[in-house]
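Asks: The file below is data-v8.tsv, TSV, C-alpha atoms:
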chain	number	residue	atom	x	y	z
P	24	MET	CA	0.00	0.00	0.00
P	25	SER	CA	1.34	3.42	-0.97
P	26	VAL	CA	2.20	5.80	1.86
P	27	HIS	CA	1.26	9.46	1.43
P	28	ARG	CA	4.19	11.89	1.39
P	29	VAL	CA	4.51	15.23	3.18
P	30	ARG	CA	7.20	17.89	2.76
P	31	VAL	CA	8.58	19.18	6.05
P	32	PRO	CA	11.20	21.88	6.80
P	33	GLU	CA	13.42	19.41	8.66
P	34	LEU	CA	13.36	15.94	10.16
P	35	ALA	CA	12.79	16.00	13.92
P	36	ALA	CA	11.26	13.66	16.48
P	37	ARG	CA	8.17	15.91	16.73
P	38	LEU	CA	6.97	17.86	13.70
P	39	VAL	CA	4.37	20.62	13.80
P	40	LEU	CA	2.78	21.36	10.42
P	41	GLY	CA	1.05	24.55	9.32
P	42	PRO	CA	-2.10	25.23	7.27
P	43	GLN	CA	-0.69	24.36	3.84
P	44	GLU	CA	0.52	20.91	4.89
P	45	VAL	CA	-2.65	20.33	6.91
P	46	ARG	CA	-4.78	20.97	3.82
P	47	HIS	CA	-2.77	18.34	2.00
P	48	LEU	CA	-3.40	15.80	4.78
P	49	GLN	CA	-7.11	16.63	4.80
P	50	VAL	CA	-7.42	16.30	1.04
P	51	MET	CA	-5.85	12.85	1.37
P	52	ARG	CA	-8.49	12.08	4.04
P	53	LEU	CA	-5.85	11.16	6.59
P	54	ARG	CA	-6.61	10.97	10.31
P	55	PRO	CA	-4.71	10.74	13.61
P	56	GLY	CA	-2.99	7.38	13.80
P	57	ASP	CA	-2.31	7.20	10.07
P	58	ARG	CA	1.26	6.84	8.84
P	59	VAL	CA	2.90	9.15	6.31
P	60	GLN	CA	6.30	9.53	4.74
P	61	VAL	CA	8.00	12.86	5.40
P	62	PHE	CA	10.85	14.34	3.38
P	63	ASP	CA	12.81	17.57	3.78
P	64	GLY	CA	13.57	18.21	0.10
P	65	ARG	CA	17.32	17.90	0.70
P	66	GLY	CA	17.58	14.11	0.71
P	67	GLY	CA	16.23	13.30	4.17
P	68	GLU	CA	13.24	10.97	4.44
P	69	ALA	CA	11.49	9.03	7.21
P	70	LEU	CA	8.19	7.54	8.28
P	71	ALA	CA	5.98	9.39	10.76
P	72	ASP	CA	2.63	8.96	12.50
P	73	ILE	CA	-0.06	11.63	12.68
P	74	ALA	CA	-0.50	12.37	16.40
P	75	GLU	CA	-2.84	15.38	16.07
P	76	LEU	CA	-4.81	16.81	13.16
P	77	GLU	CA	-7.08	19.82	13.37
P	78	ASP	CA	-7.86	22.90	11.29
P	79	GLY	CA	-4.61	24.72	10.55
P	80	ARG	CA	-2.34	22.50	12.64
P	81	ALA	CA	-1.01	18.96	12.73
P	82	VAL	CA	1.56	17.16	14.84
P	83	LEU	CA	3.58	14.23	13.52
P	84	THR	CA	5.89	11.95	15.47
P	85	LEU	CA	8.87	10.52	13.63
P	86	ASP	CA	9.29	6.75	13.68
P	87	LEU	CA	13.04	6.53	14.24
P	88	ASP	CA	13.01	2.72	14.14
P	89	ALA	CA	11.10	2.28	10.88
P	90	GLY	CA	14.20	2.30	8.66
P	91	ALA	CA	13.41	1.48	5.07
P	92	GLU	CA	9.99	-0.04	5.66
P	93	ASP	CA	7.18	0.54	3.17
P	94	GLY	CA	9.71	1.09	0.38
P	95	ALA	CA	11.32	4.16	1.91
P	96	GLY	CA	14.81	2.87	1.21
P	97	ASP	CA	14.60	2.96	-2.58
P	98	LEU	CA	12.69	6.19	-3.10
P	99	GLY	CA	15.59	8.59	-3.12
P	100	ARG	CA	17.34	7.62	-6.33
P	101	GLU	CA	19.01	10.64	-7.88
P	102	THR	CA	21.31	10.98	-10.85
P	103	PRO	CA	24.95	9.94	-10.24
P	104	GLN	CA	25.95	13.63	-10.39
P	105	PRO	CA	23.64	16.64	-9.92
P	106	VAL	CA	21.96	17.87	-13.10
P	107	THR	CA	20.98	21.52	-13.62
P	108	LEU	CA	18.47	22.61	-16.22
P	109	ALA	CA	19.16	26.13	-17.52
P	110	VAL	CA	16.15	27.22	-19.56
P	111	ALA	CA	15.08	30.45	-21.25
P	112	LEU	CA	11.95	32.19	-20.01
P	113	LEU	CA	8.80	30.99	-21.79
P	114	LYS	CA	5.32	32.46	-22.06
P	115	GLY	CA	2.18	31.35	-20.25
P	116	ASP	CA	2.18	28.04	-18.41
P	117	LYS	CA	4.99	26.53	-20.46
P	118	LEU	CA	7.55	27.12	-17.72
P	119	ALA	CA	5.38	25.38	-15.15
P	120	ASP	CA	5.09	22.37	-17.47
P	121	VAL	CA	8.87	22.29	-17.94
P	122	VAL	CA	9.55	22.63	-14.19
P	123	ARG	CA	7.10	19.84	-13.39
P	124	ALA	CA	8.52	17.39	-15.91
P	125	ALA	CA	12.14	18.33	-15.18
P	126	THR	CA	11.56	17.58	-11.51
P	127	GLU	CA	10.09	14.20	-12.38
P	128	LEU	CA	13.15	13.54	-14.55
P	129	GLY	CA	15.54	14.16	-11.67
P	130	VAL	CA	17.11	17.62	-11.98
P	131	ALA	CA	18.69	19.09	-8.87
P	132	ARG	CA	18.40	22.74	-9.91
P	133	ILE	CA	16.50	24.83	-12.45
P	134	GLN	CA	18.04	28.13	-13.53
P	135	LEU	CA	15.78	30.51	-15.46
P	136	LEU	CA	17.46	32.66	-18.10
P	137	VAL	CA	16.91	35.86	-20.04
P	138	THR	CA	18.16	35.46	-23.62
P	139	ALA	CA	18.14	37.62	-26.75
P	140	HIS	CA	15.12	35.87	-28.28
P	141	ALA	CA	13.33	34.91	-25.07
P	142	ASP	CA	9.52	34.99	-25.06
P	143	ALA	CA	9.61	37.01	-21.82
P	144	ARG	CA	12.13	39.34	-20.20
P	145	GLU	CA	11.16	38.81	-16.56
P	146	ILE	CA	8.74	37.00	-14.28
P	147	GLY	CA	6.97	38.30	-11.22
P	148	ALA	CA	7.70	37.22	-7.67
P	149	GLN	CA	4.40	35.36	-7.41
P	150	LYS	CA	5.09	33.34	-10.54
P	151	LEU	CA	8.47	32.32	-9.15
P	152	VAL	CA	6.78	31.20	-5.93
P	153	ARG	CA	4.30	29.20	-8.01
P	154	LEU	CA	7.09	27.52	-9.98
P	155	ARG	CA	8.74	26.48	-6.71
P	156	ARG	CA	5.44	25.01	-5.52
P	157	VAL	CA	5.14	23.13	-8.80
P	158	ALA	CA	8.60	21.64	-8.21
P	159	GLU	CA	7.69	20.65	-4.66
P	160	GLU	CA	4.45	18.97	-5.71
P	161	ALA	CA	6.19	17.15	-8.57
P	162	ALA	CA	8.88	15.90	-6.19
P	163	ARG	CA	6.22	14.64	-3.78
P	164	GLN	CA	4.25	12.86	-6.51
P	165	SER	CA	7.31	11.36	-8.19
P	166	ARG	CA	8.55	10.14	-4.79
P	167	ARG	CA	11.83	12.01	-4.87
P	168	ARG	CA	13.68	12.98	-1.71
P	169	VAL	CA	15.10	16.15	-3.28
P	170	VAL	CA	13.10	19.20	-4.34
P	171	PRO	CA	14.96	21.09	-7.09
P	172	GLU	CA	15.87	24.72	-6.51
P	173	VAL	CA	14.09	27.03	-8.96
P	174	GLN	CA	16.28	30.10	-9.25
P	175	GLY	CA	15.13	33.48	-10.52
P	176	PRO	CA	16.11	34.60	-14.03
P	177	LEU	CA	19.52	35.96	-14.86
P	178	PRO	CA	21.09	37.04	-18.18
P	179	LEU	CA	22.63	34.22	-20.19
P	180	ALA	CA	26.04	35.94	-20.07
P	181	ARG	CA	26.04	35.57	-16.26
P	182	LEU	CA	25.30	31.83	-16.30
P	183	THR	CA	28.03	29.82	-14.60
P	184	TRP	CA	28.27	26.07	-14.26
P	185	GLU	CA	30.20	23.33	-12.60
P	186	GLY	CA	31.43	20.38	-14.63
P	187	ARG	CA	30.11	20.18	-18.19
P	188	LEU	CA	27.51	22.30	-19.97
P	189	VAL	CA	25.71	20.98	-23.05
P	190	VAL	CA	23.56	23.22	-25.21
P	191	ALA	CA	20.94	22.16	-27.75
P	192	HIS	CA	21.93	23.65	-31.08
P	193	PRO	CA	20.71	22.92	-34.63
P	194	GLY	CA	23.53	21.64	-36.80
P	195	ALA	CA	25.50	20.13	-33.95
P	196	GLU	CA	26.77	16.59	-34.52
P	197	ALA	CA	27.47	15.34	-31.00
P	198	ARG	CA	24.78	13.20	-29.34
P	199	LEU	CA	24.12	13.83	-25.68
P	200	PRO	CA	24.21	10.16	-24.55
P	201	ASP	CA	27.66	9.77	-26.11
P	202	LEU	CA	29.07	12.59	-23.96
P	203	LEU	CA	27.92	11.48	-20.54
P	204	ASP	CA	30.35	9.76	-18.22
P	205	TRP	CA	28.96	11.10	-14.90
P	206	ALA	CA	32.43	12.15	-13.77
P	207	ALA	CA	31.21	15.65	-12.87
P	208	PRO	CA	28.00	17.69	-12.50
P	209	LEU	CA	26.08	18.43	-15.69
P	210	THR	CA	24.19	21.51	-16.87
P	211	VAL	CA	21.69	21.16	-19.71
P	212	LEU	CA	20.95	24.42	-21.54
P	213	SER	CA	17.86	24.98	-23.69
P	214	GLY	CA	16.83	28.16	-25.46
P	215	PRO	CA	13.65	30.04	-26.38
P	216	GLU	CA	11.37	29.51	-29.40
P	217	GLY	CA	13.67	31.68	-31.54
P	218	GLY	CA	16.78	29.82	-30.43
P	219	PHE	CA	20.02	31.39	-29.29
P	220	SER	CA	21.59	34.21	-31.25
P	221	GLU	CA	24.89	33.62	-33.03
P	222	THR	CA	26.58	35.88	-30.50
P	223	GLU	CA	25.15	33.87	-27.59
P	224	ILE	CA	26.27	30.56	-29.09
P	225	ALA	CA	29.75	31.92	-29.81
P	226	GLY	CA	30.05	33.16	-26.24
P	227	LEU	CA	28.95	29.81	-24.80
P	228	LEU	CA	31.34	27.82	-26.96
P	229	ALA	CA	34.19	30.14	-26.02
P	230	ARG	CA	33.49	29.34	-22.38
P	231	GLY	CA	33.58	25.59	-22.99
P	232	ALA	CA	29.96	24.66	-23.67
P	233	VAL	CA	29.42	21.60	-25.88
P	234	PRO	CA	26.72	21.81	-28.60
P	235	VAL	CA	24.55	18.71	-29.03
P	236	THR	CA	21.93	17.63	-31.55
P	237	LEU	CA	18.34	16.76	-30.70
P	238	GLY	CA	17.80	14.99	-33.99
P	239	PRO	CA	16.52	16.05	-37.42
P	240	ARG	CA	13.25	17.58	-36.23
P	241	ILE	CA	12.62	21.05	-34.82
P	242	LEU	CA	11.33	20.84	-31.25
P	243	ARG	CA	9.28	23.43	-29.43
P	244	ALA	CA	11.01	25.37	-26.65
P	245	GLU	CA	9.07	23.49	-23.97
P	246	THR	CA	9.82	20.10	-25.57
P	247	ALA	CA	13.57	20.46	-26.18
P	248	PRO	CA	14.69	20.57	-22.51
P	249	LEU	CA	12.63	17.49	-21.70
P	250	ALA	CA	14.07	15.60	-24.66
P	251	MET	CA	17.55	16.41	-23.38
P	252	LEU	CA	16.74	15.39	-19.83
P	253	GLY	CA	15.14	12.16	-21.03
P	254	ALA	CA	18.42	11.25	-22.72
P	255	VAL	CA	20.34	12.15	-19.56
P	256	VAL	CA	18.10	10.06	-17.30
P	257	ALA	CA	18.34	7.06	-19.62
P	258	THR	CA	22.13	7.00	-19.25
P	259	GLY	CA	22.08	7.53	-15.49
P	260	VAL	CA	19.83	4.62	-14.54
Written as structure tokens, how would this file's structure read?

Replies:
Amino acid sequence: MSVHRVRVPELAARLVLGPQEVRHLQVMRLRPGDRVQVFDGRGGEALADIAELEDGRAVLTLDLDAGAEDGAGDLGRETPQPVTLAVALLKGDKLADVVRAATELGVARIQLLVTAHADAREIGAQKLVRLRRVAEEAARQSRRRVVPEVQGPLPLARLTWEGRLVVAHPGAEARLPDLLDWAAPLTVLSGPEGGFSETEIAGLLARGAVPVTLGPRILRAETAPLAMLGAVVATGV
């Protein structure tokens, strides 16, 4: 039987939850005495029992002796090295769709970017909060222990990375699966509908980025990053 999951700020013997988490418990029709799986979004995970549940407040007690019962031991699989998705700002709900799927595919961080041909130049504070909630919910549903960081937009020229950066670019010959050896962290870079400008590509290559092909077809801006991450995940299993 599947155990419901709850995000908590930290793992402690006694956990007090606020209104947002309580609503989640109530929607799941949980009651005092029921068992849940708690995770802190940074890799920590444990089983807990609901001791109290009322409007706006709940108390959980951590089961320190449960260990890996109920499948808890194999739920935290992450990629061998952390993967960052760097993605240009997109219009409408496209970013939320990308954040949700990227979380399910195992990224550790999502960096939003402003590029020359980006569909948008900025996002509001509330939209950034919403994207972070999307990542949290996707992590809960996909049974990950880690919630990816969603970082506010910065200009492409200020993007830095650790390890290797690969960028989707028409005309490139290298295939992403052929480049992965998991010896260092990986950043996957995907552009806007209009692609990167020649100046942007030249600047990236000068800094060591590796261009990769996504095949003979033209992919939409919200599809390309997920195609790249799918290839990454397939090699990291």

Asks: Excluding Ala247 of chain P and any residue of its chain fewer than 3 positions from it, enumerate the residues within 9 Å of it, using all atoms listed in the file, and give them as a PyMOL selection string.

Replies: chain P and resi 191+213-214+237+241-244+250-252

Asks: Calculate how many Å separate atom CA of Glu185 of chain P from atom CA of Ala109 of chain P, rounding to one decimal.

Replies: 12.4 Å

Asks: Rounded to one decimal place, report the atom CA of Ala124 of chain P-atom CA of Val233 of chain P distance in Å.

Replies: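 For atom CA of Ala124 of chain P relative to atom CA of Val233 of chain P, the distance reads 23.5 Å.
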
Asks: For Lys114 of chain P, please output as a PDB file with C-alpha atoms, keeping the file's coordinate frame all residues within 8 Å (counting all atoms listed in the file; exclusion window: fewer than 2 positions along the same chain).

Replies:
ATOM      1  CA  LEU P 112      11.950  32.190 -20.010  1.00  0.00           C
ATOM      2  CA  ASP P 116       2.180  28.040 -18.410  1.00  0.00           C
ATOM      3  CA  LYS P 117       4.990  26.530 -20.460  1.00  0.00           C
ATOM      4  CA  LEU P 118       7.550  27.120 -17.720  1.00  0.00           C
ATOM      5  CA  ASP P 142       9.520  34.990 -25.060  1.00  0.00           C
ATOM      6  CA  ALA P 143       9.610  37.010 -21.820  1.00  0.00           C
TER       7      ALA P 143
END

Asks: Here is a test: counting only C-alpha atoms, which residue of P:Pro178, P:Gly238, P:Gly41, P:Gly218 is nearest to Gly194 of chain P?

Replies: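 Checking each of P:Pro178, P:Gly238, P:Gly41, P:Gly218 against Gly194 of chain P, counting only C-alpha atoms, the winner is P:Gly238.
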
Asks: Can you pull out every residue within 7 Å of Pro55 of chain P, counting all atoms listed in the file, but drop anything in the same chain fewer than 2 positions away, and send it as a list in words?

Replies: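 What passes the distance filter is Asp57, Ile73, Ala74, Glu75 and Leu76 of chain P.
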